[in-house]
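S.K.: Here you go, input-v4.cif (mmCIF, C-alpha atoms):
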data_input
loop_
_atom_site.label_atom_id
_atom_site.label_comp_id
_atom_site.auth_asym_id
_atom_site.auth_seq_id
_atom_site.Cartn_x
_atom_site.Cartn_y
_atom_site.Cartn_z
CA MET T 11 7.12 -132.83 34.70
CA PRO T 12 4.37 -130.17 35.19
CA VAL T 13 4.95 -126.88 33.33
CA GLU T 14 5.24 -124.77 36.51
CA LEU T 15 7.73 -127.14 38.08
CA ASN T 16 9.65 -127.17 34.82
CA GLU T 17 9.87 -123.37 34.77
CA LEU T 18 10.87 -123.31 38.43
CA PHE T 19 13.65 -125.82 37.79
CA PHE T 20 15.07 -123.98 34.77
CA GLY T 21 14.69 -120.64 36.58
CA PHE T 22 16.73 -122.05 39.46
CA LEU T 23 19.29 -123.42 36.99
CA LYS T 24 19.58 -120.00 35.35
CA VAL T 25 20.24 -118.36 38.73
CA LEU T 26 22.96 -120.96 39.37
CA PHE T 27 24.60 -120.19 36.03
CA VAL T 28 24.44 -116.43 36.60
CA VAL T 29 25.95 -116.80 40.09
CA ALA T 30 28.73 -119.00 38.63
CA GLY T 31 29.30 -116.39 35.90
CA VAL T 32 29.53 -113.56 38.45
CA ILE T 33 31.99 -115.57 40.58
CA TYR T 34 34.06 -116.22 37.46
CA VAL T 35 34.11 -112.51 36.54
CA ILE T 36 35.34 -111.74 40.08
CA PHE T 37 38.03 -114.42 39.63
CA SER T 38 39.07 -112.78 36.32
CA VAL T 39 39.36 -109.38 38.01
CA VAL T 40 41.45 -110.92 40.83
CA THR T 41 43.65 -112.54 38.15
CA ILE T 42 44.28 -109.15 36.49
CA ARG T 43 45.03 -107.58 39.87
CA GLN T 44 47.42 -110.43 40.58
CA ILE T 45 49.16 -110.11 37.19
CA HIS T 46 49.83 -106.46 38.08
CA THR T 47 51.30 -107.48 41.45
CA MET T 48 53.36 -110.24 39.87
CA GLN T 49 54.71 -107.84 37.26
CA LYS T 50 55.91 -105.52 39.99
CA SER T 51 57.80 -108.49 41.43
CA LEU T 52 59.32 -109.51 38.11
CA MET T 53 59.31 -107.38 34.98
CA THR T 54 59.98 -109.43 31.87
CA SER T 55 59.74 -108.98 28.12
CA VAL T 56 56.34 -110.72 28.09
CA SER T 57 54.78 -108.64 30.88
CA ASP T 58 52.59 -106.61 28.53
CA ARG T 59 51.39 -109.70 26.68
CA LEU T 60 50.40 -111.37 29.96
CA LYS T 61 48.52 -108.26 30.99
CA ALA T 62 46.67 -108.33 27.64
CA LEU T 63 45.90 -112.02 28.20
CA GLY T 64 44.38 -111.17 31.58
CA TYR T 65 42.12 -108.51 30.03
CA ILE T 66 41.06 -110.83 27.16
CA HIS T 67 40.18 -113.43 29.80
CA LEU T 68 38.06 -110.86 31.64
CA VAL T 69 36.25 -109.86 28.41
CA PHE T 70 35.39 -113.52 27.72
CA ALA T 71 34.14 -113.96 31.27
CA VAL T 72 31.89 -110.90 30.96
CA LEU T 73 30.57 -112.10 27.56
CA VAL T 74 29.74 -115.51 28.99
CA LEU T 75 27.97 -113.88 31.94
CA LEU T 76 25.94 -111.75 29.51
CA PHE T 77 25.05 -114.91 27.58
CA PHE T 78 23.82 -116.53 30.80
CA ILE T 79 21.72 -113.48 31.68
CA VAL T 80 20.24 -112.85 28.22
CA SER T 81 19.70 -116.23 26.61
CA LEU T 82 18.87 -118.57 29.50
CA MET U 206 114.21 -96.50 6.58
CA PRO U 207 111.67 -97.81 9.05
CA ASN U 208 108.16 -96.57 8.60
CA ILE U 209 107.38 -95.01 11.96
CA PHE U 210 103.97 -93.72 10.89
CA ASP U 211 102.58 -97.14 10.11
CA ALA U 212 99.37 -97.41 12.05
CA THR U 213 98.08 -100.84 11.19
CA LYS U 214 95.34 -102.29 13.28
CA ASP U 215 97.38 -104.78 15.26
CA ARG U 216 99.97 -102.26 16.35
CA VAL U 217 97.54 -99.72 17.72
CA LYS U 218 96.19 -100.48 21.18
CA PRO U 219 93.14 -98.66 22.44
CA LEU U 220 94.03 -96.10 25.11
CA VAL U 221 90.91 -96.83 27.15
CA LYS U 222 89.93 -100.43 27.80
CA LYS U 223 86.32 -101.21 27.00
CA LYS U 224 84.55 -101.71 30.33
CA LYS U 225 82.96 -105.12 30.62
CA SER U 226 79.32 -105.34 31.53
CA PRO U 227 78.49 -107.14 34.82
CA LEU U 228 77.04 -110.03 32.82
CA GLU U 229 80.39 -110.41 31.01
CA MET U 230 82.37 -110.01 34.23
CA VAL U 231 80.73 -113.07 35.75
CA ASP U 232 82.54 -115.15 33.11
CA ASN U 233 85.87 -114.12 34.69
CA TYR U 234 85.23 -115.98 37.92
CA SER U 235 82.55 -118.53 37.02
CA GLU U 236 83.37 -121.66 35.07
CA VAL U 237 79.64 -122.46 34.85
CA MET U 238 78.68 -119.10 33.36
CA ARG U 239 81.57 -119.15 30.90
CA HIS U 240 79.95 -122.10 29.16
CA GLU U 241 76.43 -120.67 29.17
CA GLU U 242 74.96 -118.45 26.49
CA PRO U 243 72.81 -115.52 27.70
CA SER U 244 69.17 -116.58 27.83
CA ARG U 245 66.76 -114.71 25.56
CA ASN U 246 63.72 -116.93 26.05
CA PRO U 247 61.41 -115.52 28.76
CA LEU U 248 60.00 -119.01 29.39
CA ASP U 249 63.35 -120.64 30.22
CA ALA U 250 63.39 -122.54 33.50
CA PHE U 251 67.19 -122.24 33.62
CA ALA U 252 68.09 -118.77 32.41
CA PRO U 253 71.75 -117.79 32.79
CA LYS U 254 72.60 -114.11 32.25
CA PRO U 255 68.96 -113.42 31.29
CA LEU U 256 68.42 -110.60 28.81
CA MET U 257 64.62 -110.56 29.06
CA ILE U 258 64.38 -109.70 32.78
CA TYR U 259 64.12 -105.96 33.05
CA ALA U 260 63.75 -105.62 36.81
CA PHE U 261 62.47 -107.33 39.93
CA ASP U 262 61.01 -106.24 43.20
CA SER U 263 63.54 -104.91 45.75
CA GLN U 264 66.34 -104.78 43.14
CA LEU U 265 69.23 -102.67 44.41
CA ASP U 266 71.09 -100.06 42.35
CA GLY U 267 73.67 -101.75 40.14
CA GLU U 268 72.46 -105.23 41.07
CA ASN U 269 72.39 -107.62 38.12
CA VAL U 270 70.50 -110.86 37.63
CA LEU U 271 73.02 -113.60 36.82
CA LEU U 272 70.77 -116.64 36.97
CA LEU U 273 67.01 -117.03 37.00
CA LEU U 274 65.42 -120.35 37.86
CA ARG U 275 61.93 -121.79 37.74
CA ARG U 276 60.56 -125.24 38.41
CA HIS U 277 61.43 -127.68 35.64
CA PRO U 278 58.59 -127.73 33.05
CA ILE U 279 58.24 -131.50 33.54
CA THR U 280 56.90 -130.81 37.06
CA GLN U 281 53.88 -129.18 35.42
CA ILE U 282 52.96 -132.37 33.56
CA THR U 283 50.15 -133.22 36.03
CA LYS U 284 48.47 -129.88 35.43
CA PHE U 285 48.99 -130.24 31.69
CA LEU U 286 47.39 -133.70 31.65
CA THR U 287 44.53 -132.42 33.81
CA VAL U 288 43.79 -129.76 31.20
CA ILE U 289 43.92 -132.36 28.39
CA VAL U 290 41.47 -134.61 30.27
CA MET U 291 39.19 -131.66 31.01
CA LEU U 292 39.21 -130.75 27.30
CA VAL U 293 38.12 -134.27 26.37
CA VAL U 294 35.38 -134.59 29.01
CA PRO U 295 32.68 -132.57 27.08
CA PHE U 296 32.75 -135.24 24.33
CA PHE U 297 31.23 -137.60 26.92
CA PHE U 298 28.50 -135.21 28.07
CA ASN U 299 26.22 -136.91 25.53
CA GLN U 300 26.49 -140.11 27.56
CA ILE U 301 24.72 -138.44 30.49
CA SER U 302 20.96 -138.72 30.10
CA PHE U 303 20.38 -135.56 32.19
CA TYR U 304 22.24 -133.54 29.54
CA TYR U 305 19.59 -134.45 26.92
CA LEU U 306 16.78 -133.21 29.17
CA LEU U 307 18.20 -129.68 29.11
CA GLU U 308 17.26 -127.10 26.50
CA GLY U 309 19.82 -126.21 23.81
CA ASN U 310 20.82 -122.94 25.50
CA PHE U 311 21.53 -124.71 28.77
CA GLN U 312 23.68 -127.27 26.97
CA THR U 313 25.69 -124.41 25.41
CA ALA U 314 25.91 -122.71 28.82
CA ILE U 315 27.36 -125.85 30.41
CA LEU U 316 29.96 -126.11 27.65
CA LEU U 317 30.86 -122.42 27.93
CA LEU U 318 31.23 -122.60 31.70
CA TRP U 319 33.28 -125.77 31.43
CA TYR U 320 35.72 -124.29 28.89
CA LEU U 321 35.93 -121.06 30.89
CA ILE U 322 36.96 -123.06 33.96
CA ILE U 323 39.65 -124.81 31.87
CA VAL U 324 40.97 -121.44 30.65
CA GLY U 325 40.98 -120.07 34.20
CA TYR U 326 42.77 -123.13 35.58
CA SER U 327 45.38 -123.04 32.79
CA LEU U 328 46.00 -119.32 33.22
CA GLU U 329 46.32 -119.58 36.99
CA SER U 330 48.69 -122.57 36.69
CA PHE U 331 50.84 -120.80 34.11
CA LEU U 332 51.06 -117.57 36.10
CA THR U 333 51.97 -119.43 39.29
CA TRP U 334 54.74 -121.31 37.44
CA PHE U 335 55.98 -118.27 35.52
CA TYR U 336 56.25 -115.90 38.49
CA ASN U 337 57.46 -118.43 41.04
CA VAL U 338 61.15 -117.74 40.50
CA TYR U 339 64.50 -118.05 42.19
CA ILE U 340 66.99 -115.33 41.33
CA ILE U 341 70.73 -115.25 41.86
CA THR U 342 72.21 -111.79 41.44
CA ASP U 343 75.79 -110.62 41.90
CA GLU U 344 74.82 -109.60 45.45
CA ARG U 345 71.98 -111.79 46.71
CA ILE U 346 69.80 -114.84 46.33
CA ILE U 347 66.08 -114.10 46.07
CA ASP U 348 63.12 -116.44 46.35
CA ILE U 349 59.85 -115.08 44.95
CA ASP U 350 56.92 -117.35 45.81
CA PHE U 351 53.38 -117.14 44.48
CA LEU U 352 51.81 -120.27 45.88
CA SER U 353 48.38 -119.17 44.68
CA LEU U 354 46.86 -116.07 43.16
CA ILE U 355 46.51 -114.42 46.55
CA TYR U 356 49.68 -115.54 48.36
CA ARG U 357 53.01 -113.82 47.76
CA ASN U 358 56.28 -114.19 49.63
CA VAL U 359 59.64 -112.64 48.73
CA SER U 360 62.77 -113.63 50.67
CA ALA U 361 66.34 -112.55 50.07
CA ALA U 362 69.77 -113.14 51.55
CA LYS U 363 73.17 -111.71 50.72
CA ILE U 364 75.59 -114.11 49.06
CA ASP U 365 78.12 -113.72 51.89
CA LYS U 366 75.47 -114.95 54.36
CA VAL U 367 75.27 -118.31 52.60
CA GLU U 368 76.71 -121.04 54.80
CA ASP U 369 75.83 -124.34 53.22
CA ILE U 370 74.51 -125.49 49.84
CA THR U 371 73.05 -128.93 49.21
CA ALA U 372 71.56 -130.25 45.99
CA VAL U 373 69.15 -133.18 46.20
CA THR U 374 68.14 -135.19 43.16
CA SER U 375 65.98 -138.15 44.02
CA GLY U 376 64.00 -140.55 41.90
CA VAL U 377 64.11 -141.74 38.33
CA VAL U 378 62.25 -138.79 36.81
CA GLN U 379 64.53 -136.22 38.46
CA SER U 380 67.61 -138.11 37.29
CA ILE U 381 66.36 -138.44 33.72
CA PHE U 382 65.34 -134.81 33.36
CA ASP U 383 68.21 -133.49 35.51
CA TYR U 384 66.34 -131.45 38.06
CA GLY U 385 66.22 -131.35 41.83
CA THR U 386 65.92 -129.25 44.96
CA ILE U 387 68.71 -127.05 46.30
CA HIS U 388 68.79 -126.34 50.02
CA ILE U 389 70.68 -123.20 50.99
CA GLN U 390 71.45 -122.57 54.65
CA THR U 391 72.09 -118.93 55.46
CA ALA U 392 72.95 -116.75 58.43
CA ALA U 393 70.28 -114.28 57.30
CA GLU U 394 66.84 -113.72 58.82
CA LYS U 395 65.43 -116.57 56.75
CA THR U 396 67.73 -119.42 57.59
CA GLU U 397 66.88 -121.80 54.80
CA PHE U 398 66.12 -121.25 51.13
CA GLU U 399 64.73 -124.00 48.97
CA PHE U 400 65.05 -123.83 45.21
CA GLU U 401 62.47 -126.50 44.43
CA ASP U 402 62.68 -128.74 41.36
CA VAL U 403 65.07 -126.47 39.47
CA PRO U 404 66.91 -127.71 36.35
CA HIS U 405 70.63 -128.61 36.52
CA PRO U 406 70.99 -128.52 40.34
CA ASN U 407 74.69 -129.41 40.16
CA ARG U 408 75.46 -126.50 37.89
CA VAL U 409 73.52 -124.15 40.17
CA THR U 410 75.38 -125.45 43.24
CA GLN U 411 78.74 -125.06 41.50
CA PHE U 412 77.81 -121.52 40.44
CA LEU U 413 76.79 -120.60 44.00
CA ASN U 414 80.09 -121.94 45.29
CA GLU U 415 81.96 -119.88 42.71
CA MET U 416 79.97 -116.84 43.83
CA LEU U 417 80.98 -117.51 47.45
CA VAL U 418 84.65 -117.77 46.51
CA GLU U 419 84.40 -114.53 44.53
CA GLU U 420 82.71 -112.83 47.47
CA GLU U 421 85.58 -113.93 49.75
CA ARG U 422 88.08 -112.63 47.19
CA GLU U 423 86.26 -109.28 47.05
CA LYS U 424 86.44 -109.04 50.84
CA ILE U 425 90.18 -109.77 50.88
CA GLU U 426 90.87 -107.31 48.07
CA GLY U 427 88.61 -104.70 49.65
CA ARG U 428 86.23 -104.58 46.68
CA VAL U 429 83.12 -105.22 48.75
CA LYS U 430 80.20 -102.98 47.70
#
The structure in this file should be written as structure tokens.
M.R.:
Amino acid sequence: MPVELNELFFGFLKVLFVVAGVIYVIFSVVTIRQIHTMQKSLMTSVSDRLKALGYIHLVFAVLVLLFFIVSL
Amino acid sequence: MPNIFDATKDRVKPLVKKKKSPLEMVDNYSEVMRHEEPSRNPLDAFAPKPLMIYAFDSQLDGENVLLLLRRHPITQITKFLTVIVMLVVPFFFNQISFYYLLEGNFQTAILLLWYLIIVGYSLESFLTWFYNVYIITDERIIDIDFLSLIYRNVSAAKIDKVEDITAVTSGVVQSIFDYGTIHIQTAAEKTEFEFEDVPHPNRVTQFLNEMLVEEEREKIEGRVK
């Protein structure tokens, strides 16, 4: 494969990964929003832990997105 | 001479009777609840007299949760197996020749994205199962539905509006694991409630019938809230 075509292909692939990462971060934010709504519907003894889980999930999603942007 | 000042424990009766909590009072009229220990596990699919539910949406003053139900965990087996398969799939990425053509960073990126999708799917499945609950209180039956992350539906009906209760257990799996669907016909705005795939459907039906009888008794004795 010629060098230019190679760069174009991997550039396109990087854009795809970044777009997927952004969509995933949006999904993580929606998940947190939804956990809040669900907790209003049913408050249990694990509500705080689930909220924490949602935020950890968001942090991972953001880190992965950063990895896609920086290292690809 | 008789000792009239003898105040041993068994002779002295308390002047004021200790008031029973609503969760204890249910034992007076429900045979089902009398045999059930209060549930302390927040992940229980059949949680009688739950101690880990602090409140729910639209809860009335003095209303107490007597029974909380979720789908039987066995109904989640498909999702569980899907996650297991998805976890194993990356071990076969090496078999795809296209994977070798990619640079190291891209290979890592594919793995990261793949595992992130698994985490997201697992979390979404768990939340949908955990918050999709059916609640029986001393006043009402409540159906809280979260069919997906963006769809929410809460329906409620007073116990005295319940007209007909049917439990359906069909198939080998449902019989083995003792779960089924309970159809509740009501005279409320929502005419039919479905408690889908809940554990011990017969016990739930019996408890609902006991609640109906108690409600009738309250009406006759003029104790209706």
S.K.: Identify, on the basis of all atoms listed in the file, every residue whose closest approach to stretch 404-409 of chain U does not exceed 6 Å; exclude the query and any residue fewer than 3 positions from it along the same chain; express the result as number ranges by chain.
M.R.: U: 277, 372, 383-385, 412
S.K.: Store the residues picked out above, limited to C-alpha atoms, as a CSV table (one decimal), keeping the file's coordinate frame.
M.R.:
chain,number,residue,atom,x,y,z
U,277,HIS,CA,61.4,-127.7,35.6
U,372,ALA,CA,71.6,-130.2,46.0
U,383,ASP,CA,68.2,-133.5,35.5
U,384,TYR,CA,66.3,-131.4,38.1
U,385,GLY,CA,66.2,-131.4,41.8
U,412,PHE,CA,77.8,-121.5,40.4
S.K.: Check what the PyMOL selection byres ((chain T) within 9 of (chain U)) selects in the file above and give those residues as number ranges by chain.
M.R.: T: 20, 23-24, 27, 30-31, 34, 37-38, 40-41, 44-45, 48-56, 60, 63-64, 67, 70-71, 74, 77-78, 81-82
S.K.: Kindly save the residues from that selection, with C-alpha atoms included, as a PDB file, in the coordinates of the input.
M.R.:
ATOM      1  CA  PHE T  20      15.070-123.980  34.770  1.00  0.00           C
ATOM      2  CA  LEU T  23      19.290-123.420  36.990  1.00  0.00           C
ATOM      3  CA  LYS T  24      19.580-120.000  35.350  1.00  0.00           C
ATOM      4  CA  PHE T  27      24.600-120.190  36.030  1.00  0.00           C
ATOM      5  CA  ALA T  30      28.730-119.000  38.630  1.00  0.00           C
ATOM      6  CA  GLY T  31      29.300-116.390  35.900  1.00  0.00           C
ATOM      7  CA  TYR T  34      34.060-116.220  37.460  1.00  0.00           C
ATOM      8  CA  PHE T  37      38.030-114.420  39.630  1.00  0.00           C
ATOM      9  CA  SER T  38      39.070-112.780  36.320  1.00  0.00           C
ATOM     10  CA  VAL T  40      41.450-110.920  40.830  1.00  0.00           C
ATOM     11  CA  THR T  41      43.650-112.540  38.150  1.00  0.00           C
ATOM     12  CA  GLN T  44      47.420-110.430  40.580  1.00  0.00           C
ATOM     13  CA  ILE T  45      49.160-110.110  37.190  1.00  0.00           C
ATOM     14  CA  MET T  48      53.360-110.240  39.870  1.00  0.00           C
ATOM     15  CA  GLN T  49      54.710-107.840  37.260  1.00  0.00           C
ATOM     16  CA  LYS T  50      55.910-105.520  39.990  1.00  0.00           C
ATOM     17  CA  SER T  51      57.800-108.490  41.430  1.00  0.00           C
ATOM     18  CA  LEU T  52      59.320-109.510  38.110  1.00  0.00           C
ATOM     19  CA  MET T  53      59.310-107.380  34.980  1.00  0.00           C
ATOM     20  CA  THR T  54      59.980-109.430  31.870  1.00  0.00           C
ATOM     21  CA  SER T  55      59.740-108.980  28.120  1.00  0.00           C
ATOM     22  CA  VAL T  56      56.340-110.720  28.090  1.00  0.00           C
ATOM     23  CA  LEU T  60      50.400-111.370  29.960  1.00  0.00           C
ATOM     24  CA  LEU T  63      45.900-112.020  28.200  1.00  0.00           C
ATOM     25  CA  GLY T  64      44.380-111.170  31.580  1.00  0.00           C
ATOM     26  CA  HIS T  67      40.180-113.430  29.800  1.00  0.00           C
ATOM     27  CA  PHE T  70      35.390-113.520  27.720  1.00  0.00           C
ATOM     28  CA  ALA T  71      34.140-113.960  31.270  1.00  0.00           C
ATOM     29  CA  VAL T  74      29.740-115.510  28.990  1.00  0.00           C
ATOM     30  CA  PHE T  77      25.050-114.910  27.580  1.00  0.00           C
ATOM     31  CA  PHE T  78      23.820-116.530  30.800  1.00  0.00           C
ATOM     32  CA  SER T  81      19.700-116.230  26.610  1.00  0.00           C
ATOM     33  CA  LEU T  82      18.870-118.570  29.500  1.00  0.00           C
TER      34      LEU T  82
END
S.K.: Please report, as AutoDock Vina command-line options, the centre and edge lengths in Å to one decimal of an axis-aligned box covering all listed atoms of stretch 30-43 of chain T with 5 Å per side.
M.R.:
--center_x 36.9 --center_y -113.3 --center_z 38.4 --size_x 26.3 --size_y 21.4 --size_z 14.9
S.K.: Spell out the residues picked by the PyMOL selection byres ((chain U and resi 236) around 12) here, as a list in words.
M.R.: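 Written out, the selection comes to Met230, Val231, Asp232, Asn233, Tyr234, Ser235, Val237, Met238, Arg239, His240, Glu241, Arg408, Val409, Gln411, Phe412, Leu413, Asn414, Glu415, Met416 and Glu419 of chain U.
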S.K.: Okay, now the selection with C-alpha atoms, as a compact mmCIF listing (two decimals), keeping the file's coordinate frame?
M.R.:
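Final output, saved to part-v6.txt:
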# COMPACT_ATOMS: atom_id res chain seq x y z
CA MET U 230 82.37 -110.01 34.23
CA VAL U 231 80.73 -113.07 35.75
CA ASP U 232 82.54 -115.15 33.11
CA ASN U 233 85.87 -114.12 34.69
CA TYR U 234 85.23 -115.98 37.92
CA SER U 235 82.55 -118.53 37.02
CA VAL U 237 79.64 -122.46 34.85
CA MET U 238 78.68 -119.10 33.36
CA ARG U 239 81.57 -119.15 30.90
CA HIS U 240 79.95 -122.10 29.16
CA GLU U 241 76.43 -120.67 29.17
CA ARG U 408 75.46 -126.50 37.89
CA VAL U 409 73.52 -124.15 40.17
CA GLN U 411 78.74 -125.06 41.50
CA PHE U 412 77.81 -121.52 40.44
CA LEU U 413 76.79 -120.60 44.00
CA ASN U 414 80.09 -121.94 45.29
CA GLU U 415 81.96 -119.88 42.71
CA MET U 416 79.97 -116.84 43.83
CA GLU U 419 84.40 -114.53 44.53
S.K.: Could you check how far atom CA of U:Leu286 sits from atom CA of U:Val378, in Å to one decimal?
M.R.: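 Distance between the two atoms: 16.5 Å.
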S.K.: Once the PyMOL selection byres ((chain U and resi 362) around 12) has been evaluated on this model, what residues remain selected, and can you format them as a CSV table (one decimal) with C-alpha atoms, keeping the file's coordinate frame?
M.R.:
chain,number,residue,atom,x,y,z
U,263,SER,CA,63.5,-104.9,45.8
U,339,TYR,CA,64.5,-118.0,42.2
U,340,ILE,CA,67.0,-115.3,41.3
U,341,ILE,CA,70.7,-115.2,41.9
U,342,THR,CA,72.2,-111.8,41.4
U,343,ASP,CA,75.8,-110.6,41.9
U,344,GLU,CA,74.8,-109.6,45.4
U,345,ARG,CA,72.0,-111.8,46.7
U,346,ILE,CA,69.8,-114.8,46.3
U,347,ILE,CA,66.1,-114.1,46.1
U,348,ASP,CA,63.1,-116.4,46.4
U,359,VAL,CA,59.6,-112.6,48.7
U,360,SER,CA,62.8,-113.6,50.7
U,361,ALA,CA,66.3,-112.6,50.1
U,363,LYS,CA,73.2,-111.7,50.7
U,364,ILE,CA,75.6,-114.1,49.1
U,365,ASP,CA,78.1,-113.7,51.9
U,366,LYS,CA,75.5,-115.0,54.4
U,367,VAL,CA,75.3,-118.3,52.6
U,368,GLU,CA,76.7,-121.0,54.8
U,389,ILE,CA,70.7,-123.2,51.0
U,390,GLN,CA,71.4,-122.6,54.6
U,391,THR,CA,72.1,-118.9,55.5
U,392,ALA,CA,73.0,-116.8,58.4
U,393,ALA,CA,70.3,-114.3,57.3
U,394,GLU,CA,66.8,-113.7,58.8
U,395,LYS,CA,65.4,-116.6,56.8
U,396,THR,CA,67.7,-119.4,57.6
U,397,GLU,CA,66.9,-121.8,54.8
U,398,PHE,CA,66.1,-121.2,51.1
S.K.: Could you please determine the separation between atom CA of T:Ile36 and atom CA of U:Phe331 in Å, to one decimal place?
M.R.: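 The value is 18.9 Å.
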S.K.: Applying 8 Å and all atoms listed in the file, which residues near stretch 293-298 of chain U remain after dropping the ones on its own chain fewer than 4 positions away? List them as a PDB file with C-alpha atoms, in the coordinates of the input.
M.R.:
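around_13.pdb, written as the output of this step:
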ATOM      1  CA  ILE U 289      43.920-132.360  28.390  1.00  0.00           C
ATOM      2  CA  TYR U 304      22.240-133.540  29.540  1.00  0.00           C
ATOM      3  CA  LEU U 316      29.960-126.110  27.650  1.00  0.00           C
TER       4      LEU U 316
END
S.K.: Interatomic distance between atom CA of U:Val270 and atom CA of U:Leu417?
M.R.: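 That distance, rounded to one decimal, is 15.8 Å.
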S.K.: Please return as a PyMOL selection string every residue within 10 Å of (68.0, -130.7, 47.3), taking into account only C-alpha atoms and the file's own coordinates.
M.R.: chain U and resi 370-375+384-389+399-403+406-407+410
S.K.: Please, could you write that set of residues out with C-alpha atoms as a compact mmCIF listing (two decimals), keeping the file's coordinate frame?
M.R.:
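Output file selection-v5.txt follows:
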# COMPACT_ATOMS: atom_id res chain seq x y z
CA ILE U 370 74.51 -125.49 49.84
CA THR U 371 73.05 -128.93 49.21
CA ALA U 372 71.56 -130.25 45.99
CA VAL U 373 69.15 -133.18 46.20
CA THR U 374 68.14 -135.19 43.16
CA SER U 375 65.98 -138.15 44.02
CA TYR U 384 66.34 -131.45 38.06
CA GLY U 385 66.22 -131.35 41.83
CA THR U 386 65.92 -129.25 44.96
CA ILE U 387 68.71 -127.05 46.30
CA HIS U 388 68.79 -126.34 50.02
CA ILE U 389 70.68 -123.20 50.99
CA GLU U 399 64.73 -124.00 48.97
CA PHE U 400 65.05 -123.83 45.21
CA GLU U 401 62.47 -126.50 44.43
CA ASP U 402 62.68 -128.74 41.36
CA VAL U 403 65.07 -126.47 39.47
CA PRO U 406 70.99 -128.52 40.34
CA ASN U 407 74.69 -129.41 40.16
CA THR U 410 75.38 -125.45 43.24
